[in-house]
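final_4.csv (CSV, C-alpha atoms) appears below.
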chain,number,residue,atom,x,y,z
A,1,MET,CA,-0.3,34.4,80.2
A,2,TRP,CA,2.5,32.3,78.9
A,3,ARG,CA,3.3,34.7,76.0
A,4,GLU,CA,3.4,37.6,78.4
A,5,LEU,CA,6.0,36.0,80.7
A,6,LEU,CA,8.2,34.5,78.0
A,7,PRO,CA,10.3,37.7,77.3
A,8,VAL,CA,10.8,38.7,81.0
A,9,GLY,CA,14.4,38.2,82.0
A,10,ARG,CA,15.4,36.2,78.9
A,11,ASP,CA,19.0,36.5,77.7
A,12,GLY,CA,19.2,37.3,74.0
A,13,THR,CA,22.3,35.3,73.5
A,14,THR,CA,21.7,32.1,75.4
A,15,GLY,CA,17.9,32.1,75.3
A,16,GLY,CA,18.0,31.2,79.0
A,17,TYR,CA,16.4,33.1,81.9
A,18,ARG,CA,18.0,35.3,84.6
A,19,ARG,CA,15.0,36.0,86.9
A,20,HIS,CA,17.1,36.3,90.0
A,21,ALA,CA,15.5,37.3,93.3
A,22,TRP,CA,14.9,41.0,94.0
A,23,THR,CA,16.2,42.1,90.5
A,24,ALA,CA,14.4,44.1,87.9
A,25,ALA,CA,13.4,40.9,86.0
A,26,ASP,CA,12.0,39.4,89.3
A,27,GLY,CA,10.1,42.7,89.8
A,28,GLU,CA,8.5,42.3,86.3
A,29,CYS,CA,7.4,38.8,87.2
A,30,ARG,CA,6.0,40.0,90.5
A,31,ALA,CA,4.1,42.8,88.7
A,32,TRP,CA,2.7,40.2,86.3
A,33,PHE,CA,1.4,38.1,89.2
A,34,ALA,CA,-0.3,41.1,90.8
A,35,GLU,CA,-2.0,41.9,87.5
A,36,GLN,CA,-3.3,38.4,87.1
A,37,ALA,CA,-4.8,38.6,90.6
A,38,ALA,CA,-6.4,41.9,89.9
A,39,SER,CA,-7.8,40.8,86.5
A,40,ARG,CA,-9.7,38.0,88.3
A,41,GLY,CA,-10.9,40.0,91.2
A,42,LEU,CA,-8.7,38.2,93.7
A,43,ALA,CA,-7.5,39.7,96.9
A,44,TYR,CA,-3.8,40.4,96.5
A,45,GLU,CA,-1.2,40.6,99.2
A,46,VAL,CA,2.5,40.2,99.9
A,47,ASP,CA,3.5,38.6,103.1
A,48,ARG,CA,6.3,39.8,105.3
A,49,ASN,CA,8.7,37.3,103.7
A,50,GLY,CA,8.1,38.6,100.2
A,51,ASN,CA,5.8,35.8,99.0
A,52,GLN,CA,2.8,36.9,96.8
A,53,TRP,CA,-0.7,35.6,97.4
A,54,ALA,CA,-4.0,35.9,95.4
A,55,TRP,CA,-7.1,34.9,97.4
A,56,LEU,CA,-10.5,33.7,96.4
A,57,GLY,CA,-12.7,33.7,99.5
A,58,ASP,CA,-11.8,34.8,103.1
A,59,PRO,CA,-8.2,33.9,104.1
A,60,ALA,CA,-9.1,34.2,107.7
A,61,ALA,CA,-11.7,31.4,107.4
A,62,GLY,CA,-8.8,28.8,107.4
A,63,ASP,CA,-8.5,25.4,105.8
A,64,ALA,CA,-7.6,27.0,102.5
A,65,VAL,CA,-6.4,25.1,99.5
A,66,VAL,CA,-3.3,26.8,98.1
A,67,ILE,CA,-1.7,26.2,94.7
A,68,GLY,CA,1.2,27.8,93.0
A,69,SER,CA,5.0,27.7,92.6
A,70,HIS,CA,7.7,30.3,91.9
A,71,LEU,CA,8.7,32.7,89.1
A,72,ASP,CA,12.5,33.1,89.7
A,73,SER,CA,15.1,31.1,87.8
A,74,VAL,CA,18.6,29.6,88.0
A,75,PRO,CA,21.2,31.3,85.8
A,76,ASP,CA,20.2,30.7,82.1
A,77,GLY,CA,17.3,28.5,83.3
A,78,GLY,CA,14.4,27.3,81.3
A,79,ALA,CA,10.9,28.8,80.9
A,80,TYR,CA,9.0,26.0,82.7
A,81,ASP,CA,10.6,25.5,86.0
A,82,GLY,CA,8.4,27.4,88.4
A,83,PRO,CA,6.3,29.6,86.0
A,84,LEU,CA,4.4,26.6,84.6
A,85,GLY,CA,3.1,26.0,88.1
A,86,VAL,CA,2.0,29.6,88.6
A,87,VAL,CA,0.4,30.0,85.1
A,88,SER,CA,-1.3,26.7,85.4
A,89,SER,CA,-2.7,27.7,88.8
A,90,PHE,CA,-4.4,30.8,87.4
A,91,ALA,CA,-5.6,28.7,84.4
A,92,ALA,CA,-7.0,26.0,86.7
A,93,LEU,CA,-8.9,28.7,88.7
A,94,ASP,CA,-10.4,29.9,85.4
A,95,ALA,CA,-11.4,26.4,84.5
A,96,LEU,CA,-13.2,26.0,87.8
A,97,ARG,CA,-15.2,29.1,87.1
A,98,GLU,CA,-16.0,27.9,83.7
A,99,ARG,CA,-17.3,24.7,85.3
A,100,GLY,CA,-19.5,26.7,87.6
A,101,VAL,CA,-17.8,25.4,90.7
A,102,THR,CA,-18.5,27.3,93.9
A,103,PRO,CA,-15.6,26.7,96.4
A,104,GLY,CA,-16.5,25.5,99.8
A,105,ARG,CA,-13.1,26.5,101.1
A,106,PRO,CA,-10.9,29.5,100.5
A,107,LEU,CA,-8.5,29.2,97.6
A,108,ALA,CA,-5.2,31.0,97.0
A,109,VAL,CA,-2.5,31.1,94.3
A,110,VAL,CA,1.0,31.8,95.6
A,111,ASN,CA,4.3,32.8,94.1
A,112,PHE,CA,7.1,32.0,96.6
A,113,GLY,CA,10.1,34.3,96.5
A,114,ASP,CA,13.6,33.2,95.7
A,115,GLU,CA,13.0,29.5,95.3
A,116,GLU,CA,16.1,28.8,93.2
A,117,GLY,CA,18.6,30.5,95.5
A,118,ALA,CA,20.5,31.6,92.4
A,119,ARG,CA,21.5,35.0,93.8
A,120,PHE,CA,22.1,34.5,97.5
A,121,GLY,CA,23.0,30.8,97.6
A,122,VAL,CA,20.1,29.4,99.7
A,123,ALA,CA,17.2,27.8,98.0
A,124,CYS,CA,13.5,28.3,98.9
A,125,VAL,CA,14.2,31.4,100.9
A,126,GLY,CA,10.5,32.6,100.9
A,127,SER,CA,9.1,29.3,102.0
A,128,ARG,CA,11.9,28.6,104.5
A,129,LEU,CA,11.4,31.9,106.2
A,130,LEU,CA,7.6,31.4,106.2
A,131,THR,CA,8.0,28.0,108.0
A,132,GLY,CA,10.8,29.1,110.3
A,133,VAL,CA,13.4,26.7,108.7
A,134,LEU,CA,15.7,29.6,107.8
A,135,ASP,CA,16.9,31.9,110.6
A,136,PRO,CA,15.9,35.6,109.8
A,137,GLU,CA,19.2,37.0,111.0
A,138,HIS,CA,21.2,34.5,108.8
A,139,ALA,CA,18.9,35.3,105.8
A,140,ARG,CA,19.4,39.1,106.2
A,141,GLY,CA,23.2,38.5,106.1
A,142,LEU,CA,23.3,36.5,102.9
A,143,ARG,CA,25.3,38.2,100.1
A,144,ASP,CA,25.2,37.8,96.4
A,145,GLY,CA,28.3,37.5,94.1
A,146,ASP,CA,28.7,41.3,94.1
A,147,GLY,CA,28.5,41.5,97.9
A,148,VAL,CA,25.0,42.9,98.1
A,149,LEU,CA,23.1,41.8,101.2
A,150,LEU,CA,19.8,40.1,100.9
A,151,ALA,CA,18.4,42.6,103.4
A,152,ASP,CA,19.5,45.5,101.2
A,153,ALA,CA,18.1,43.9,98.0
A,154,MET,CA,14.8,43.4,99.7
A,155,GLU,CA,14.7,46.9,101.0
A,156,ARG,CA,15.4,48.4,97.5
A,157,ALA,CA,12.5,46.3,96.2
A,158,GLY,CA,10.2,47.8,98.8
A,159,GLN,CA,10.2,44.9,101.2
A,160,ASP,CA,11.0,45.3,104.9
A,161,PRO,CA,13.8,42.9,105.8
A,162,ALA,CA,13.3,43.5,109.5
A,163,ALA,CA,9.9,41.8,109.3
A,164,ILE,CA,11.0,38.4,107.9
A,165,GLY,CA,10.5,35.2,109.8
A,166,ARG,CA,8.2,32.4,110.7
A,167,ASP,CA,4.5,33.3,110.1
A,168,ASP,CA,2.3,31.1,112.2
A,169,GLU,CA,-0.8,33.1,111.4
A,170,ARG,CA,-0.4,32.6,107.7
A,171,LEU,CA,0.4,28.9,108.0
A,172,ALA,CA,-2.7,28.4,110.1
A,173,ARG,CA,-4.8,29.5,107.1
A,174,ILE,CA,-3.6,26.6,104.9
A,175,GLY,CA,-5.4,23.3,104.9
A,176,ALA,CA,-3.4,21.9,101.9
A,177,PHE,CA,-0.8,23.0,99.4
A,178,VAL,CA,-0.6,21.5,95.9
A,179,GLU,CA,2.3,22.5,93.6
A,180,LEU,CA,2.3,21.7,89.9
A,181,HIS,CA,5.7,21.6,88.3
A,182,VAL,CA,7.4,20.4,85.1
A,183,GLU,CA,9.0,17.1,85.7
A,184,GLN,CA,12.8,17.4,86.0
A,185,GLY,CA,13.6,14.0,84.7
A,186,ARG,CA,12.3,11.4,82.2
A,187,TYR,CA,10.1,9.1,84.2
A,188,LEU,CA,6.8,10.2,82.7
A,189,ALA,CA,8.4,10.4,79.2
A,190,ASP,CA,8.6,6.6,79.2
A,191,THR,CA,4.9,6.3,80.0
A,192,PRO,CA,1.6,7.2,78.3
A,193,HIS,CA,0.8,9.6,81.1
A,194,PRO,CA,1.2,13.4,80.8
A,195,VAL,CA,0.8,14.0,84.5
A,196,GLY,CA,2.1,12.2,87.6
A,197,VAL,CA,1.9,12.6,91.4
A,198,ALA,CA,5.0,13.1,93.6
A,199,SER,CA,5.8,10.6,96.3
A,200,ALA,CA,8.9,12.1,97.9
A,201,ILE,CA,11.8,14.4,97.5
A,202,TRP,CA,15.3,13.1,98.0
A,203,PRO,CA,17.4,14.7,100.8
A,204,HIS,CA,19.7,17.3,99.3
A,205,GLY,CA,22.0,20.2,100.3
A,206,ARG,CA,24.7,22.6,99.3
A,207,TRP,CA,28.2,22.7,100.7
A,208,ARG,CA,31.0,25.3,100.1
A,209,PHE,CA,34.5,24.1,99.7
A,210,ASP,CA,37.4,26.6,100.2
A,211,PHE,CA,40.7,25.4,98.7
A,212,ARG,CA,43.6,27.7,99.7
A,213,GLY,CA,47.0,28.0,98.1
A,214,GLU,CA,49.6,30.7,97.2
A,215,ALA,CA,49.2,33.2,94.3
A,216,ASN,CA,52.2,33.3,92.1
A,217,HIS,CA,53.3,34.0,88.5
A,218,ALA,CA,52.2,31.3,86.0
A,219,GLY,CA,55.2,31.9,83.7
A,220,THR,CA,58.0,31.9,86.2
A,221,THR,CA,57.1,29.5,89.1
A,222,ARG,CA,58.4,26.0,88.6
A,223,LEU,CA,55.7,23.3,88.9
A,224,GLY,CA,57.4,21.8,91.9
A,225,ASP,CA,57.4,25.1,93.7
A,226,ARG,CA,53.7,25.8,93.3
A,227,ASP,CA,50.9,25.6,95.9
A,228,ASP,CA,48.1,25.5,93.5
A,229,PRO,CA,44.6,25.0,95.0
A,230,MET,CA,43.2,24.3,91.5
A,231,LEU,CA,44.8,20.9,91.6
A,232,ALA,CA,43.0,19.9,94.8
A,233,TYR,CA,39.8,21.2,93.5
A,234,ALA,CA,40.1,19.3,90.2
A,235,ALA,CA,40.9,16.1,92.1
A,236,THR,CA,37.9,16.6,94.3
A,237,VAL,CA,35.5,17.0,91.3
A,238,LEU,CA,36.7,13.7,89.9
A,239,SER,CA,36.5,12.0,93.3
A,240,ALA,CA,33.0,13.3,93.9
A,241,ARG,CA,31.8,11.9,90.5
A,242,GLU,CA,33.2,8.4,91.3
A,243,LEU,CA,32.0,8.4,94.9
A,244,ALA,CA,28.5,9.4,93.8
A,245,ARG,CA,28.4,6.8,91.1
A,246,THR,CA,29.4,4.1,93.6
A,247,ALA,CA,26.8,5.2,96.1
A,248,GLY,CA,24.0,5.5,93.5
A,249,ALA,CA,23.6,9.2,94.4
A,250,LEU,CA,24.3,12.5,92.8
A,251,ALA,CA,27.2,15.1,93.4
A,252,THR,CA,27.7,18.2,91.3
A,253,PHE,CA,30.2,21.0,91.5
A,254,GLY,CA,28.4,23.6,89.4
A,255,LYS,CA,29.7,26.9,90.7
A,256,ILE,CA,33.2,28.1,91.2
A,257,ARG,CA,35.0,31.3,92.2
A,258,VAL,CA,38.7,31.8,91.8
A,259,GLU,CA,41.1,34.4,93.3
A,260,PRO,CA,42.8,36.4,91.9
A,261,ASN,CA,41.2,35.0,88.7
A,262,GLY,CA,44.0,35.9,86.3
A,263,THR,CA,45.0,33.9,83.3
A,264,ASN,CA,48.7,34.2,84.0
A,265,ALA,CA,48.4,33.8,87.8
A,266,ILE,CA,48.4,30.7,90.0
A,267,ALA,CA,45.3,30.9,92.2
A,268,SER,CA,45.4,31.7,95.9
A,269,LEU,CA,41.8,30.6,96.6
A,270,VAL,CA,39.3,28.3,94.8
A,271,THR,CA,35.8,28.4,96.3
A,272,ALA,CA,33.5,25.8,94.9
A,273,TRP,CA,29.9,24.8,95.7
A,274,LEU,CA,28.8,21.2,95.9
A,275,ASP,CA,25.2,20.1,95.3
A,276,SER,CA,24.6,16.6,96.5
A,277,ARG,CA,21.5,14.4,96.6
A,278,ALA,CA,20.6,10.8,97.5
A,279,ALA,CA,17.7,8.5,98.1
A,280,ASP,CA,18.2,8.6,101.9
A,281,SER,CA,19.9,10.8,104.5
A,282,ALA,CA,22.4,8.2,105.6
A,283,THR,CA,23.7,7.7,102.0
A,284,LEU,CA,23.9,11.5,101.5
A,285,ASP,CA,25.7,12.1,104.8
A,286,THR,CA,28.3,9.4,104.0
A,287,LEU,CA,28.8,10.6,100.5
A,288,VAL,CA,29.5,14.2,101.5
A,289,LYS,CA,31.9,13.1,104.3
A,290,GLU,CA,33.8,11.0,101.7
A,291,ILE,CA,33.9,13.9,99.3
A,292,ALA,CA,35.1,16.3,102.0
A,293,GLY,CA,37.8,13.7,102.9
A,294,ALA,CA,39.0,13.6,99.4
A,295,ALA,CA,39.3,17.4,99.3
A,296,GLU,CA,42.8,17.8,100.5
A,297,GLY,CA,43.1,20.6,103.1
A,298,ALA,CA,39.7,22.2,102.1
A,299,GLU,CA,37.5,24.0,104.5
A,300,VAL,CA,34.0,22.6,104.1
A,301,THR,CA,30.9,24.6,105.2
A,302,ARG,CA,27.3,23.4,104.8
A,303,GLU,CA,25.1,26.2,103.5
A,304,SER,CA,21.8,24.5,103.2
A,305,TYR,CA,20.2,21.1,103.8
A,306,THR,CA,16.8,19.6,103.3
A,307,PRO,CA,16.0,16.1,104.7
A,308,VAL,CA,14.0,13.6,102.8
A,309,VAL,CA,10.4,14.7,102.2
A,310,ASP,CA,7.6,12.1,102.1
A,311,PHE,CA,4.5,14.0,100.9
A,312,ASP,CA,1.3,13.6,102.9
A,313,VAL,CA,0.2,10.1,102.1
A,314,PRO,CA,-3.6,10.7,102.4
A,315,LEU,CA,-3.4,13.8,100.2
A,316,ARG,CA,-1.1,12.1,97.7
A,317,ASP,CA,-3.4,9.0,97.4
A,318,ARG,CA,-6.4,11.3,97.1
A,319,LEU,CA,-4.8,13.1,94.1
A,320,SER,CA,-3.8,9.9,92.5
A,321,ARG,CA,-7.3,8.5,92.9
A,322,VAL,CA,-9.0,11.7,91.5
A,323,LEU,CA,-6.7,11.5,88.5
A,324,GLY,CA,-7.5,7.9,87.7
A,325,GLY,CA,-4.4,6.2,89.2
A,326,VAL,CA,-1.6,8.2,87.4
A,327,PRO,CA,2.0,7.3,88.2
A,328,VAL,CA,3.4,8.1,91.6
A,329,LEU,CA,7.1,9.0,91.4
A,330,PRO,CA,9.9,10.4,93.6
A,331,THR,CA,12.2,13.3,92.5
A,332,GLY,CA,15.7,14.5,93.3
A,333,ALA,CA,14.8,18.2,92.9
A,334,GLY,CA,13.9,20.4,95.8
A,335,HIS,CA,10.7,22.5,95.8
A,336,ASP,CA,8.7,24.9,98.0
A,337,ALA,CA,6.2,22.0,98.5
A,338,GLY,CA,9.0,20.1,100.2
A,339,ILE,CA,9.7,23.0,102.6
A,340,LEU,CA,6.0,23.5,103.4
A,341,SER,CA,5.5,19.8,104.1
A,342,SER,CA,6.9,20.3,107.6
A,343,ALA,CA,4.0,22.6,108.5
A,344,VAL,CA,1.0,21.7,106.3
A,345,PRO,CA,-0.2,18.8,104.2
A,346,THR,CA,1.4,19.1,100.7
A,347,ALA,CA,1.4,17.3,97.4
A,348,MET,CA,2.8,17.8,93.9
A,349,LEU,CA,1.8,17.2,90.3
A,350,PHE,CA,4.4,16.7,87.6
A,351,VAL,CA,3.9,17.5,83.9
A,352,ARG,CA,5.7,15.3,81.5
A,353,ASN,CA,9.0,16.6,80.1
A,354,PRO,CA,9.9,14.8,76.8
A,355,THR,CA,13.7,15.2,77.2
A,356,GLY,CA,14.0,15.4,81.0
A,357,VAL,CA,16.2,18.5,80.6
A,358,SER,CA,15.8,21.2,83.2
A,359,HIS,CA,17.7,24.2,84.5
A,360,SER,CA,18.6,24.9,80.9
A,361,PRO,CA,17.2,26.9,78.0
A,362,TYR,CA,16.3,23.5,76.4
A,363,GLU,CA,13.8,22.7,79.2
A,364,TYR,CA,10.5,21.9,77.5
A,365,ALA,CA,7.0,20.5,77.9
A,366,GLU,CA,4.5,19.8,75.1
A,367,GLU,CA,1.5,22.2,75.0
A,368,PRO,CA,-1.0,19.3,75.1
A,369,ASP,CA,0.7,18.0,78.3
A,370,CYS,CA,0.7,21.5,79.8
A,371,LEU,CA,-3.1,21.7,79.1
A,372,ALA,CA,-3.5,18.2,80.6
A,373,GLY,CA,-1.7,19.5,83.7
A,374,ILE,CA,-4.2,22.4,84.0
A,375,VAL,CA,-7.2,20.0,83.7
A,376,ALA,CA,-5.6,17.7,86.3
A,377,LEU,CA,-5.0,20.6,88.7
A,378,ALA,CA,-8.6,21.8,88.2
A,379,ASP,CA,-9.9,18.3,88.8
A,380,VAL,CA,-7.9,18.1,92.0
A,381,LEU,CA,-9.1,21.5,93.2
A,382,GLN,CA,-12.7,20.7,92.4
A,383,ASP,CA,-12.4,17.6,94.7
A,384,LEU,CA,-10.5,19.4,97.5
A,385,LEU,CA,-12.8,22.4,97.5

Entire entry expressed as structure tokens:
Amino acid sequence: MWRELLPVGRDGTTGGYRRHAWTAADGECRAWFAEQAASRGLAYEVDRNGNQWAWLGDPAAGDAVVIGSHLDSVPDGGAYDGPLGVVSSFAALDALRERGVTPGRPLAVVNFGDEEGARFGVACVGSRLLTGVLDPEHARGLRDGDGVLLADAMERAGQDPAAIGRDDERLARIGAFVELHVEQGRYLADTPHPVGVASAIWPHGRWRFDFRGEANHAGTTRLGDRDDPMLAYAATVLSARELARTAGALATFGKIRVEPNGTNAIASLVTAWLDSRAADSATLDTLVKEIAGAAEGAEVTRESYTPVVDFDVPLRDRLSRVLGGVPVLPTGAGHDAGILSSAVPTAMLFVRNPTGVSHSPYEYAEEPDCLAGIVALADVLQDLL
């Protein structure tokens, strides 16, 4: 399975992945998922929000155990973020069958659509729509960098954008959701444990900053006569770094768009996106307000926000107990499991990442640790089922 997925959406120059939602590469990943379901005799379906499901047992029976993750990527992302969870889910199902386990509850593997938000700017679109966290009309109006509407992209891929929205019937089927994911950090790397259990997800969000100025000639306009928004943007980046350091939080300007974007032209508009995260909502709110205050004259728009997620304590403790008391750790990264936690009991397993690098072609996990993750997920499933 891993070898089949590796070439899909991989950039030959950087070695990173560009599996953005509702693109050809995303379509190849989705076709792979459908093939995996068919090869195991699982009932395959796509819900009205574009999420893929592979069912063992009767979905209508309810109280199902659902496992899975996502297959899309950030620009030039790594091979493990998302796909490790989906591949491991199918492998864990295979392990259960090899053990002769007869599930007493329905089991499903899921691939949530557009988890990274790399194309349309909002993360976890599939799970947000499913749970009603994302307004359908707002979602249909999202545009990518080329101006393509999310609604149009979905329609071209054969998905009806008019049908998206909260799906109470599907949520009612789920008794528990467990997501396996490569760790995006180095906590486990400093322990003898290849697998850990998540305790919580830090609150996090994305904000758009629009810095406006006046376009002019770079070679003839005196410095004193310029209204250059790039200066305010640069100062804001430096302020954000210092404010985040002082607060013990995180703030990153990782995406920027400049108009008119000419080498010999002073910019008229700099649009930049801030990703910020903190251990608690009060710290995050204060930090973003301070960064906005440091952004001279900028218009600031919040594009997405996820409050702190404390995973279901009984489920979390059950997983830790089944796995022999493995480490329990928080994370600053957002996940579909965090979105689903508002509607169903959820938990996460992390597989050790020796470098802690993620959202990069250098993202990595050792094969023995990946196999340990599959065994851990199978052990958890056997107990839950």

Pick out the residues sitting within 12 Å of Val313 (chain A), and hand them over as a VMD selection string; count only C-alpha atoms, and ignore anything fewer than 4 positions along from it in its own chain.
-> chain A and resid 197 to 200 309 317 to 321 328 341 345 to 348

Keeping only C-alpha atoms, write the selected residues as a PDB file, in the frame of the given file.
ATOM      1  CA  VAL A 197       1.900  12.600  91.400  1.00  0.00           C
ATOM      2  CA  ALA A 198       5.000  13.100  93.600  1.00  0.00           C
ATOM      3  CA  SER A 199       5.800  10.600  96.300  1.00  0.00           C
ATOM      4  CA  ALA A 200       8.900  12.100  97.900  1.00  0.00           C
ATOM      5  CA  VAL A 309      10.400  14.700 102.200  1.00  0.00           C
ATOM      6  CA  ASP A 317      -3.400   9.000  97.400  1.00  0.00           C
ATOM      7  CA  ARG A 318      -6.400  11.300  97.100  1.00  0.00           C
ATOM      8  CA  LEU A 319      -4.800  13.100  94.100  1.00  0.00           C
ATOM      9  CA  SER A 320      -3.800   9.900  92.500  1.00  0.00           C
ATOM     10  CA  ARG A 321      -7.300   8.500  92.900  1.00  0.00           C
ATOM     11  CA  VAL A 328       3.400   8.100  91.600  1.00  0.00           C
ATOM     12  CA  SER A 341       5.500  19.800 104.100  1.00  0.00           C
ATOM     13  CA  PRO A 345      -0.200  18.800 104.200  1.00  0.00           C
ATOM     14  CA  THR A 346       1.400  19.100 100.700  1.00  0.00           C
ATOM     15  CA  ALA A 347       1.400  17.300  97.400  1.00  0.00           C
ATOM     16  CA  MET A 348       2.800  17.800  93.900  1.00  0.00           C
TER      17      MET A 348
END

Distance query Pro307 (chain A) at most 12 Å, all atoms listed in the file, self and fewer than 5 positions along chain excluded, as a list in words =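 Residues near the query, excluding close chain neighbours: Val133, Ala200, Ile201, Trp202, Pro203, His204, Gly205, Ser276, Arg277, Ala278, Ala279, Asp280, Ser281, Ala282, Thr283, Leu284, Asp285, Gly332, Gly334, Gly338, Ile339, Ser341 and Ser342 of chain A.
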
Pick from A:Arg186, A:Gly132, A:Leu381, A:Gly196: nearest to Val65 (chain A), with all atoms listed in the file counted?
-> A:Leu381

Between A:Pro330, A:Pro368, A:Gly126, A:Gly57, which one has atoms that come closest to Leu385 (chain A), using all atoms listed in the file?
->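 Once distances to Leu385 (chain A) are computed over all atoms listed in the file, the minimum belongs to A:Gly57.
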
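Nearest residue to Asp160 (chain A) among A:Val46, A:Ala61, A:Ala54, A:Asn111 is A:Val46, counting all atoms listed in the file.
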
State, in Å with one decimal place, the distance from CA of Val148 (chain A) to CA of Arg19 (chain A).
->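 Interatomic distance here is 16.5 Å.
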
Got a sec to check which residues sit within 9 Å of (5.6, 19.5, 83.0), counting only C-alpha atoms, and write them as a short mmCIF file (atom, residue, chain, number, x, y, z; two decimals) with C-alpha atoms, keeping the file's coordinate frame?
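After the write, point34.cif holds the following:
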data_model
loop_
_atom_site.label_atom_id
_atom_site.label_comp_id
_atom_site.auth_asym_id
_atom_site.auth_seq_id
_atom_site.Cartn_x
_atom_site.Cartn_y
_atom_site.Cartn_z
CA TYR A 80 9.00 26.00 82.70
CA ASP A 81 10.60 25.50 86.00
CA LEU A 84 4.40 26.60 84.60
CA GLY A 85 3.10 26.00 88.10
CA LEU A 180 2.30 21.70 89.90
CA HIS A 181 5.70 21.60 88.30
CA VAL A 182 7.40 20.40 85.10
CA GLU A 183 9.00 17.10 85.70
CA GLN A 184 12.80 17.40 86.00
CA PRO A 194 1.20 13.40 80.80
CA VAL A 195 0.80 14.00 84.50
CA LEU A 349 1.80 17.20 90.30
CA PHE A 350 4.40 16.70 87.60
CA VAL A 351 3.90 17.50 83.90
CA ARG A 352 5.70 15.30 81.50
CA ASN A 353 9.00 16.60 80.10
CA PRO A 354 9.90 14.80 76.80
CA TYR A 364 10.50 21.90 77.50
CA ALA A 365 7.00 20.50 77.90
CA GLU A 366 4.50 19.80 75.10
CA ASP A 369 0.70 18.00 78.30
CA CYS A 370 0.70 21.50 79.80
CA GLY A 373 -1.70 19.50 83.70
#

Please indicate the distance in Å from CA of Gly68 (chain A) to CA of Asp144 (chain A), rounded to one decimal place.
-> 26.2 Å

Counting all atoms listed in the file, what is within 8 Å of Pro361 (chain A), bar same-chain residues fewer than 6 positions away, as a VMD selection string?
-> chain A and resid 14 to 17 76 to 79

Distance in Å - CA of Arg206 (chain A) versus CA of Val300 (chain A) =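 Value for the CA of Arg206 (chain A)-CA of Val300 (chain A) distance: 10.5 Å.
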